[in-house]
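Below is the file structure21.cif, which contains mmCIF, C-alpha atoms.
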data_input
#
loop_
_atom_site.label_atom_id
_atom_site.label_comp_id
_atom_site.auth_asym_id
_atom_site.auth_seq_id
_atom_site.Cartn_x
_atom_site.Cartn_y
_atom_site.Cartn_z
CA MET A 160 109.07 93.12 94.27
CA GLU A 161 108.14 91.26 91.08
CA ASN A 162 110.92 90.47 88.63
CA ILE A 163 110.39 92.24 85.30
CA ILE A 164 111.98 91.02 82.07
CA ILE A 165 112.51 93.47 79.23
CA THR A 166 112.36 91.63 75.89
CA SER A 167 114.97 92.40 73.28
CA GLN A 168 112.31 92.42 70.56
CA ASP A 169 110.26 95.15 72.23
CA PRO A 170 111.94 97.15 75.00
CA THR A 171 108.62 98.69 76.03
CA SER A 172 107.04 95.30 76.77
CA TYR A 173 107.60 93.29 79.95
CA ILE A 174 106.93 89.87 81.40
CA LYS A 175 106.32 89.54 85.13
CA GLU A 176 107.59 86.45 86.94
CA PRO A 177 104.53 84.34 87.89
CA SER A 178 103.86 83.65 91.56
CA LYS A 179 104.19 80.13 92.93
CA TYR A 180 102.06 78.55 95.61
CA LYS A 181 103.16 79.71 99.05
CA ASN A 182 103.15 78.33 102.58
CA ASN A 183 101.41 79.95 105.56
CA SER A 184 104.42 82.19 106.08
CA GLY A 185 104.24 83.53 102.54
CA GLN A 186 107.34 81.68 101.32
CA ASP A 187 107.43 80.18 97.84
CA LEU A 188 106.73 76.46 97.58
CA PHE A 189 106.27 75.05 94.07
CA GLY A 190 103.91 75.02 91.11
CA TYR A 191 102.03 77.89 89.52
CA PRO A 192 98.35 78.46 90.40
CA LEU A 193 95.84 78.28 87.58
CA SER A 194 95.53 82.07 87.57
CA GLN A 195 99.26 82.34 86.83
CA MET A 196 99.46 79.78 84.02
CA SER A 197 99.22 82.19 81.07
CA GLN A 198 101.96 84.32 82.58
CA ALA A 199 104.03 81.21 83.31
CA PHE A 200 103.95 80.05 79.70
CA LEU A 201 105.02 83.52 78.53
CA TYR A 202 107.84 83.39 81.08
CA TYR A 203 108.87 79.92 79.92
CA ASN A 204 108.73 80.90 76.25
CA TYR A 205 110.89 83.96 76.82
CA TYR A 206 113.71 81.98 78.44
CA LEU A 207 113.42 79.20 75.87
CA ASN A 208 113.78 81.64 72.99
CA SER A 209 116.60 83.40 74.81
CA GLY A 210 118.59 80.17 74.89
CA GLU A 211 118.53 79.92 78.71
CA ILE A 212 117.46 76.29 78.59
CA ASN A 213 118.11 75.41 82.24
CA LYS A 214 115.97 78.32 83.42
CA ALA A 215 113.25 77.36 80.93
CA ILE A 216 113.28 73.74 82.16
CA LEU A 217 112.93 74.86 85.78
CA ILE A 218 109.96 77.07 84.87
CA PHE A 219 108.36 74.21 82.95
CA GLU A 220 108.70 71.92 85.99
CA HIS A 221 106.64 74.39 88.00
CA ILE A 222 104.10 74.57 85.16
CA LYS A 223 103.76 70.78 85.26
CA LEU A 224 103.36 70.81 89.04
CA GLY A 225 100.65 73.44 88.70
CA ILE A 226 98.81 71.22 86.22
CA GLU A 227 99.13 68.20 88.54
CA ILE A 228 97.73 70.28 91.41
CA GLU A 229 94.78 71.40 89.29
CA GLU A 230 94.10 67.79 88.22
CA LEU A 231 93.88 66.78 91.89
CA CYS A 232 91.60 69.74 92.57
CA SER A 233 89.28 68.64 89.78
CA MET A 234 88.22 65.60 91.84
CA ALA A 235 87.01 67.86 94.65
CA LYS A 236 85.39 70.26 92.20
CA LYS A 237 83.39 67.41 90.62
CA TYR A 238 82.01 66.58 94.07
CA TYR A 239 80.97 70.17 94.77
CA ILE A 240 79.55 70.68 91.27
CA LYS A 241 77.33 67.66 91.89
CA ILE A 242 76.09 69.30 95.12
CA ALA A 243 75.46 72.59 93.31
CA LYS A 244 73.39 70.79 90.68
CA ALA A 245 71.39 68.99 93.38
CA LEU A 246 70.54 72.39 94.88
CA ASP A 247 69.86 74.00 91.47
CA LEU A 248 72.67 76.48 92.01
CA THR A 249 74.54 78.03 89.08
CA ASN A 250 77.47 79.21 91.20
CA ASN A 251 80.03 76.39 91.52
CA ASP A 252 82.56 78.38 93.56
CA ILE A 253 83.54 76.09 96.44
CA ASP A 254 83.91 78.89 98.97
CA ASP A 255 80.48 80.34 98.21
CA LEU A 256 78.92 76.88 98.13
CA THR A 257 80.41 76.00 101.52
CA TRP A 258 78.80 79.03 103.15
CA HIS A 259 75.52 78.25 101.36
CA LEU A 260 75.53 74.69 102.69
CA TYR A 261 76.06 75.84 106.27
CA SER A 262 73.26 78.36 105.81
CA LEU A 263 70.86 75.64 104.64
CA TYR A 264 71.90 73.18 107.33
CA LEU A 265 71.66 75.63 110.22
CA ASN A 266 68.76 77.61 108.78
CA LYS A 267 70.64 80.85 109.39
CA PRO A 268 71.71 83.63 107.03
CA ILE A 269 75.26 83.47 105.70
CA THR A 270 76.14 86.82 107.28
CA GLU A 271 75.23 85.46 110.72
CA ILE A 272 77.33 82.31 110.22
CA LYS A 273 80.31 84.33 109.00
CA GLN A 274 80.08 86.52 112.08
CA LEU A 275 79.86 83.44 114.32
CA VAL A 276 82.98 81.93 112.78
CA HIS A 277 84.81 85.25 113.03
CA ASN A 278 83.90 85.60 116.72
CA ILE A 279 85.00 82.05 117.50
CA GLN A 280 88.32 82.39 115.73
CA SER A 281 89.11 85.79 117.21
CA SER A 282 88.49 84.50 120.75
CA GLN A 283 90.13 81.10 120.26
CA GLN A 284 93.43 81.92 121.94
CA GLU A 285 91.68 83.68 124.85
CA ARG A 286 89.39 80.67 125.46
CA TRP A 287 92.35 78.29 125.31
CA ASN A 288 94.35 80.31 127.82
CA LEU A 289 91.33 80.59 130.13
CA LEU A 290 90.48 76.88 130.10
CA VAL A 291 94.08 75.63 130.05
CA PRO A 292 96.03 78.07 132.25
CA ASP A 293 98.93 75.64 132.78
CA GLN A 294 100.11 74.15 129.48
CA ASP A 295 102.54 71.87 131.29
CA ASN A 296 99.82 70.19 133.32
CA ILE A 297 96.80 70.05 131.04
CA THR A 298 94.02 67.67 132.08
CA VAL A 299 91.53 65.64 130.03
CA ASP A 300 88.67 67.64 131.54
CA GLN A 301 90.24 70.93 130.46
CA LEU A 302 90.75 69.66 126.92
CA ASN A 303 87.20 68.35 126.72
CA ALA A 304 85.83 71.64 128.05
CA TYR A 305 87.64 73.50 125.27
CA TYR A 306 86.28 71.36 122.44
CA ASP A 307 82.83 70.74 123.95
CA GLY A 308 82.33 74.47 124.32
CA GLU A 309 82.91 75.22 120.63
CA GLU A 310 79.92 76.18 118.53
CA PHE A 311 79.39 74.72 115.07
CA PRO A 312 80.87 75.60 112.71
CA SER A 313 83.94 76.79 114.58
CA GLU A 314 85.83 77.33 111.34
CA ILE A 315 85.41 77.18 107.59
CA ILE A 316 88.21 74.90 106.48
CA ASN A 317 90.31 76.53 103.75
CA ILE A 318 89.77 74.23 100.79
CA THR A 319 89.19 76.72 98.02
CA SER A 320 92.76 77.41 96.90
CA GLY A 321 94.68 75.00 94.75
CA LEU A 322 97.35 73.44 96.93
CA PRO A 323 95.27 72.87 100.12
CA LEU A 324 92.52 71.40 97.97
CA ALA A 325 95.00 69.18 96.11
CA TYR A 326 96.44 67.85 99.37
CA ARG A 327 92.94 66.97 100.57
CA THR A 328 92.42 64.80 97.49
CA LEU A 329 95.93 63.31 97.48
CA PRO A 330 94.79 60.16 99.37
CA ALA A 331 92.71 59.30 96.27
CA LEU A 332 95.95 58.72 94.33
CA ILE A 333 97.31 56.46 97.06
CA GLN A 334 94.04 54.51 97.10
CA LYS A 335 94.13 54.12 93.32
CA GLN A 336 97.80 53.12 93.26
CA PHE A 337 97.18 50.20 95.63
CA GLY A 338 93.58 49.43 94.68
CA PHE A 339 92.31 49.89 98.24
CA LYS A 340 88.57 49.33 98.71
CA ARG A 341 87.98 49.83 102.48
CA VAL A 342 88.98 53.28 103.68
CA PHE A 343 88.60 55.18 106.96
CA ASP A 344 89.31 58.78 107.88
CA PHE A 345 90.04 59.13 111.59
CA GLY A 346 89.16 62.59 112.90
CA GLY A 347 87.95 63.67 109.46
CA ASN A 348 85.72 66.45 110.84
CA ILE A 349 83.12 67.31 108.16
CA GLY A 350 84.50 64.59 105.91
CA ILE A 351 85.71 66.65 102.96
CA SER A 352 88.53 64.33 101.90
CA LEU A 353 86.56 61.14 102.44
CA SER A 354 83.49 62.46 100.61
CA VAL A 355 85.59 63.40 97.59
CA LEU A 356 87.13 59.91 97.59
CA ALA A 357 83.72 58.26 97.93
CA ASN A 358 82.34 60.30 95.06
CA ASN A 359 85.41 59.49 92.95
CA ASP A 360 85.10 55.71 93.53
CA PRO A 361 81.54 54.60 94.32
CA THR A 362 82.56 50.91 94.30
CA SER A 363 84.64 51.26 97.49
CA LYS A 364 83.46 51.53 101.10
CA TYR A 365 84.37 54.46 103.33
CA THR A 366 84.04 55.23 107.05
CA LEU A 367 84.21 58.65 108.68
CA ILE A 368 85.37 58.36 112.29
CA GLU A 369 84.80 61.62 114.15
CA LEU A 370 84.29 62.80 117.75
CA ASN A 371 82.38 65.97 116.86
CA THR A 372 78.82 64.75 116.31
CA GLN A 373 77.69 68.04 114.74
CA ALA A 374 80.47 67.88 112.15
CA MET A 375 79.64 64.25 111.40
CA HIS A 376 75.89 64.93 111.07
CA PHE A 377 76.64 67.82 108.71
CA ALA A 378 78.85 65.56 106.57
CA LYS A 379 76.09 62.94 106.35
CA TRP A 380 73.44 65.56 105.53
CA ARG A 381 75.64 67.08 102.79
CA ASN A 382 76.37 63.69 101.24
CA ASN A 383 72.70 62.71 101.33
CA LEU A 384 72.00 65.68 99.06
CA ILE A 385 73.71 63.81 96.22
CA GLY A 386 72.81 60.27 97.25
CA LEU A 387 76.33 59.39 98.36
CA THR A 388 75.63 56.21 100.33
CA ASN A 389 78.96 54.38 100.39
CA ILE A 390 80.08 56.12 103.62
CA ASP A 391 79.48 54.97 107.20
CA TYR A 392 79.68 57.41 110.12
CA ILE A 393 81.11 56.35 113.48
CA ASN A 394 81.70 58.36 116.67
CA SER A 395 85.31 57.83 117.72
CA ASN A 396 84.24 57.58 121.39
CA THR A 397 82.65 54.21 120.58
CA LEU A 398 85.94 52.67 119.47
CA ASN A 399 88.44 50.63 121.42
CA LYS A 400 91.46 48.67 120.25
CA ASP A 401 89.32 45.68 119.25
CA THR A 402 86.52 47.52 117.42
CA LEU A 403 86.52 46.88 113.64
CA LYS A 404 89.88 45.18 114.01
CA GLY A 405 91.59 44.65 110.64
CA GLN A 406 88.52 45.82 108.69
CA PHE A 407 90.33 48.42 106.56
CA ASP A 408 93.13 48.43 103.99
CA PHE A 409 93.70 52.20 103.89
CA GLY A 410 93.55 54.80 106.64
CA ILE A 411 93.68 58.60 106.66
CA CYS A 412 94.48 60.75 109.69
CA THR A 413 95.22 64.41 109.00
CA GLU A 414 96.01 67.12 111.55
CA VAL A 415 94.48 65.22 114.46
CA LEU A 416 97.21 63.77 116.67
CA GLU A 417 98.62 67.10 117.85
CA HIS A 418 95.23 67.82 119.49
CA LEU A 419 95.00 64.59 121.49
CA TYR A 420 95.63 64.01 125.19
CA ASP A 421 96.80 60.43 124.63
CA VAL A 422 98.38 60.16 121.17
CA GLU A 423 99.65 56.62 121.65
CA ALA A 424 96.28 55.22 122.74
CA ILE A 425 94.69 56.56 119.54
CA LEU A 426 97.52 55.26 117.38
CA GLU A 427 96.92 51.80 118.85
CA ILE A 428 93.28 52.04 117.77
CA ILE A 429 94.25 53.28 114.30
CA SER A 430 96.77 50.46 113.91
CA ASN A 431 94.19 47.86 114.89
CA LEU A 432 91.71 49.20 112.36
CA LEU A 433 94.14 48.39 109.55
CA GLU A 434 94.82 44.92 108.24
CA PRO A 435 98.46 43.79 107.89
CA GLY A 436 99.85 45.37 104.74
CA GLY A 437 97.42 48.27 105.01
CA VAL A 438 98.60 51.84 104.44
CA LEU A 439 98.17 54.95 106.60
CA PHE A 440 98.32 58.49 105.21
CA LEU A 441 99.22 60.71 108.17
CA THR A 442 99.79 64.42 108.64
CA ALA A 443 100.60 65.84 112.05
CA SER A 444 101.75 69.30 113.16
CA PHE A 445 103.31 68.33 116.47
CA GLY A 446 105.83 71.16 116.19
CA TYR A 447 103.22 73.85 115.45
CA TYR A 448 103.16 75.18 119.00
CA PRO A 449 101.96 77.34 120.69
CA HIS A 450 98.58 77.15 119.00
CA PRO A 451 95.09 76.76 120.50
CA GLY A 452 94.22 73.08 120.82
CA HIS A 453 97.78 71.88 120.16
CA LEU A 454 99.23 70.24 123.25
CA LYS A 455 102.66 71.13 124.57
CA LYS A 456 103.08 67.54 125.77
CA ASN A 457 102.92 66.38 122.12
CA VAL A 458 105.72 68.60 120.83
CA LYS A 459 108.15 65.83 121.77
CA TYR A 460 106.89 63.81 118.81
CA ALA A 461 107.84 66.47 116.25
CA GLY A 462 110.50 65.07 113.93
CA HIS A 463 110.18 61.63 115.53
CA GLU A 464 107.00 60.48 113.81
CA ASP A 465 108.63 57.38 112.31
CA LEU A 466 109.85 56.23 115.72
CA LEU A 467 106.43 56.88 117.25
CA LEU A 468 104.59 54.97 114.52
CA SER A 469 107.04 52.06 114.70
CA LYS A 470 105.71 51.29 118.20
CA PHE A 471 102.41 50.34 116.54
CA GLY A 472 103.76 48.24 113.70
CA PHE A 473 104.17 50.92 111.04
CA THR A 474 107.10 51.45 108.71
CA PRO A 475 107.51 54.49 106.41
CA ILE A 476 107.20 53.95 102.67
CA LYS A 477 108.06 56.13 99.67
CA LEU A 478 105.59 56.56 96.85
CA ASN A 479 105.92 58.21 93.47
CA LEU A 480 103.37 60.99 93.77
CA PRO A 481 102.83 63.86 91.32
CA ILE A 482 103.42 66.66 93.86
CA PRO A 483 105.94 66.93 96.72
CA LEU A 484 104.81 66.14 100.24
CA LEU A 485 105.20 68.70 103.02
CA ASN A 486 107.41 67.87 106.02
CA SER A 487 104.36 67.05 108.15
CA PHE A 488 103.10 64.43 105.63
CA HIS A 489 103.90 60.75 106.13
CA ILE A 490 102.88 57.47 104.50
CA TYR A 491 103.21 54.20 106.44
CA ARG A 492 102.58 50.55 105.83
CA LYS A 493 101.41 48.33 108.66
CA LEU A 494 103.62 45.27 109.00
#

Could the structure of this file be written out as structure tokens, please?
Amino acid sequence: MENIIITSQDPTSYIKEPSKYKNNSGQDLFGYPLSQMSQAFLYYNYYLNSGEINKAILIFEHIKLGIEIEELCSMAKKYYIKIAKALDLTNNDIDDLTWHLYSLYLNKPITEIKQLVHNIQSSQQERWNLLVPDQDNITVDQLNAYYDGEEFPSEIINITSGLPLAYRTLPALIQKQFGFKRVFDFGGNIGISLSVLANNDPTSKYTLIELNTQAMHFAKWRNNLIGLTNIDYINSNTLNKDTLKGQFDFGICTEVLEHLYDVEAILEIISNLLEPGGVLFLTASFGYYPHPGHLKKNVKYAGHEDLLLSKFGFTPIKLNLPIPLLNSFHIYRKL
């Protein structure tokens, strides 16, 4: 139930407590969404005028976090606005534009694509259970059969709301803080984060490393619409531990490792891609199990990411970033 404040000046008026960003379980996190900002300032002003300074300060901290989140989102919005202009579209809504892009790329109506995605997602758990009947003894062939059998697109990645969108652009702040110029995204799927970074800094060089060739081709097609040419596209199957060794100063790997059959073999490749002193931005949901595509054999790494990464020459570092990191987020420097 929403908290309601009755003002002393006008007992018939009320101020509702603004809603913060929430996690997937619906629990409050931090920061007020843009839609809640007017209400948040009223809420702040009420407590300030009431002399409850500590409460007012706490509210103002969440207002500032909401502004920081929106500033991060603006980088992604600039990228999508540029695409909308290239297509002569007046609607800049990212969600609508994403469906429109898939419709153009696949030459299918949006309603058909939405139905396809719905069917895939609703049958995801059933397919996983069918192809991997024994979670304790999964094989490479079973895992490959699961991913190779997916149609494209298998999902529309949720990037339209503030906090998920802000986290996708967060690597841009790390890149700027260190002045990195050679960036890869390992397992970046359709390359949302990397494309936003490339659009934000056209003087740097970026590489999308992805196994799903359809996702990679879509990313390249989308970026070609706006003449974004500072991105290379590499199939991860072509890499070994010596490929492009030390060619990058900044790496991104988000929500990939929990899906892999051999996590440590991939981490060796990622480590070798980075030069000494390079930085890796990593998110991994090893503990998010059971879930289709997440391997039970990888749950052992949950909470032990620092120890795992230390085997490949990484040490955790702390950075002063404008928004808090989630527990699954990690930043490492290669020694």

Which residues match the PyMOL selection byres ((chain A and resi 219-234) around 6) in the file above, as a ChimeraX atom specification? /A:190-192,216-218,235-237,324-325

Going by the chain IDs and residue numbers used in this file, which residues fall under the PyMOL selection byres ((chain A and resi 461-476) around 8)? Write them as a ChimeraX atom specification. /A:426-427,430,444-446,457-460,477-478,489-494

Residues as selected, C-alpha atoms, written as a PDB file, in the coordinates of the input, can you do that?
ATOM      1  CA  LEU A 426      97.520  55.260 117.380  1.00  0.00           C
ATOM      2  CA  GLU A 427      96.920  51.800 118.850  1.00  0.00           C
ATOM      3  CA  SER A 430      96.770  50.460 113.910  1.00  0.00           C
ATOM      4  CA  SER A 444     101.750  69.300 113.160  1.00  0.00           C
ATOM      5  CA  PHE A 445     103.310  68.330 116.470  1.00  0.00           C
ATOM      6  CA  GLY A 446     105.830  71.160 116.190  1.00  0.00           C
ATOM      7  CA  ASN A 457     102.920  66.380 122.120  1.00  0.00           C
ATOM      8  CA  VAL A 458     105.720  68.600 120.830  1.00  0.00           C
ATOM      9  CA  LYS A 459     108.150  65.830 121.770  1.00  0.00           C
ATOM     10  CA  TYR A 460     106.890  63.810 118.810  1.00  0.00           C
ATOM     11  CA  LYS A 477     108.060  56.130  99.670  1.00  0.00           C
ATOM     12  CA  LEU A 478     105.590  56.560  96.850  1.00  0.00           C
ATOM     13  CA  HIS A 489     103.900  60.750 106.130  1.00  0.00           C
ATOM     14  CA  ILE A 490     102.880  57.470 104.500  1.00  0.00           C
ATOM     15  CA  TYR A 491     103.210  54.200 106.440  1.00  0.00           C
ATOM     16  CA  ARG A 492     102.580  50.550 105.830  1.00  0.00           C
ATOM     17  CA  LYS A 493     101.410  48.330 108.660  1.00  0.00           C
ATOM     18  CA  LEU A 494     103.620  45.270 109.000  1.00  0.00           C
TER      19      LEU A 494
END

Run the PyMOL selection byres ((chain A and resi 294) around 12) mentally over the shown coordinates, then write out the matched residues as a PyMOL selection string, using the chain letters and numbers from the document. chain A and resi 287-293+295-298+301-302+420+448-458

Hey, can you pull every residue with an atom no more than 12 Å from (74.3, 64.0, 104.4), using only C-alpha atoms, and send it as a list in words? Ile242, Leu260, Tyr264, Ile349, Gly350, Ile351, Ser354, Gln373, Ala374, Met375, His376, Phe377, Ala378, Lys379, Trp380, Arg381, Asn382, Asn383, Leu384, Ile385, Gly386, Leu387, Thr388, Asn389, Ile390, Asp391 and Tyr392 of chain A

Extract, using all atoms listed in the file, all DNA, RNA and protein residues at most 7 Å from Val342 of chain A, discarding same-chain residues fewer than 3 positions from it, and format them as a ChimeraX atom specification. /A:364-366,407-410

Would you kindly return, as an MDAnalysis selection string, each protein, DNA or RNA residue with an atom no farther than 10 Å from any atom of Asn394 of chain A, considering only C-alpha atoms and excluding same-chain residues fewer than 4 positions away? chainID A and resid 345:346 367:372 375 398

Shell of 8 Å around Pro330 of chain A, all atoms listed in the file, local chain residues under 4 positions omitted, as a compact mmCIF listing (two decimals) with C-alpha atoms, in the coordinates of the input:
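Written output follows (out.txt):
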# COMPACT_ATOMS: atom_id res chain seq x y z
CA TYR A 326 96.44 67.85 99.37
CA GLN A 334 94.04 54.51 97.10
CA SER A 352 88.53 64.33 101.90
CA LEU A 356 87.13 59.91 97.59
CA ILE A 411 93.68 58.60 106.66
CA PHE A 440 98.32 58.49 105.21

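Nearest to Lys267 of chain A of all the residues A:Leu248, A:Leu480, A:Pro312, A:Pro323 is A:Pro312, counting all atoms listed in the file.
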
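Minimum atom-to-atom distances from A:Tyr206, A:His418, A:Gln198, A:Val438 to Ile333 of chain A were compared using only C-alpha atoms, and the lowest value belongs to A:Val438.
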
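Atom CA of Lys273 of chain A lies 19.5 Å from atom CA of Glu285 of chain A.
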
Considering all atoms listed in the file, state which residue in the set A:Leu332, A:Val355, A:Ala443, A:Ile425 is at the smallest distance from Ser395 of chain A. A:Ile425

Just checking: using all atoms listed in the file, which residue out of A:Leu275, A:Ala199, A:Arg341, A:Ser194 ends up closest to Ser262 of chain A?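 Smallest separation from Ser262 of chain A among the options: A:Leu275.
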
Long-range neighbours of Thr442 of chain A as a list in words, 7 Å cut-off, all atoms listed in the file, 4 positions minimum in chain: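 Counting only the stated atoms, we get Cys412, Thr413, Glu414, Ser487, Phe488 and His489 of chain A.
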
Keeping C-alpha atoms for every residue in the selection just given, could you write it to a file as a PDB file, in the coordinates of the input?
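The resulting file, again_30.pdb, is reproduced below:
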ATOM      1  CA  CYS A 412      94.480  60.750 109.690  1.00  0.00           C
ATOM      2  CA  THR A 413      95.220  64.410 109.000  1.00  0.00           C
ATOM      3  CA  GLU A 414      96.010  67.120 111.550  1.00  0.00           C
ATOM      4  CA  SER A 487     104.360  67.050 108.150  1.00  0.00           C
ATOM      5  CA  PHE A 488     103.100  64.430 105.630  1.00  0.00           C
ATOM      6  CA  HIS A 489     103.900  60.750 106.130  1.00  0.00           C
TER       7      HIS A 489
END

Of the candidates A:Ala424, A:Leu188, A:Leu329, A:Met196, which one gets nearest to Glu176 of chain A if we count all atoms listed in the file? A:Met196

Report, in Å to a single decimal, how far apart atom CA of Lys241 of chain A and atom CA of Ser363 of chain A are. 18.8 Å

In Å, how far is it from atom CA of Thr397 of chain A to atom CA of Leu433 of chain A? 17.0 Å

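Residues in contact with Leu432 of chain A at 7 Å, where only C-alpha atoms are counted and same-chain residues fewer than 5 positions away are skipped, are listed as A:Leu403, A:Lys404, A:Gly405, A:Gln406, A:Phe407.
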
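Between Ser282 of chain A and the candidates A:Asp300, A:Asp401, A:Glu309, A:Gly338, the tightest atom-to-atom separation, counting all atoms listed in the file, involves A:Glu309.
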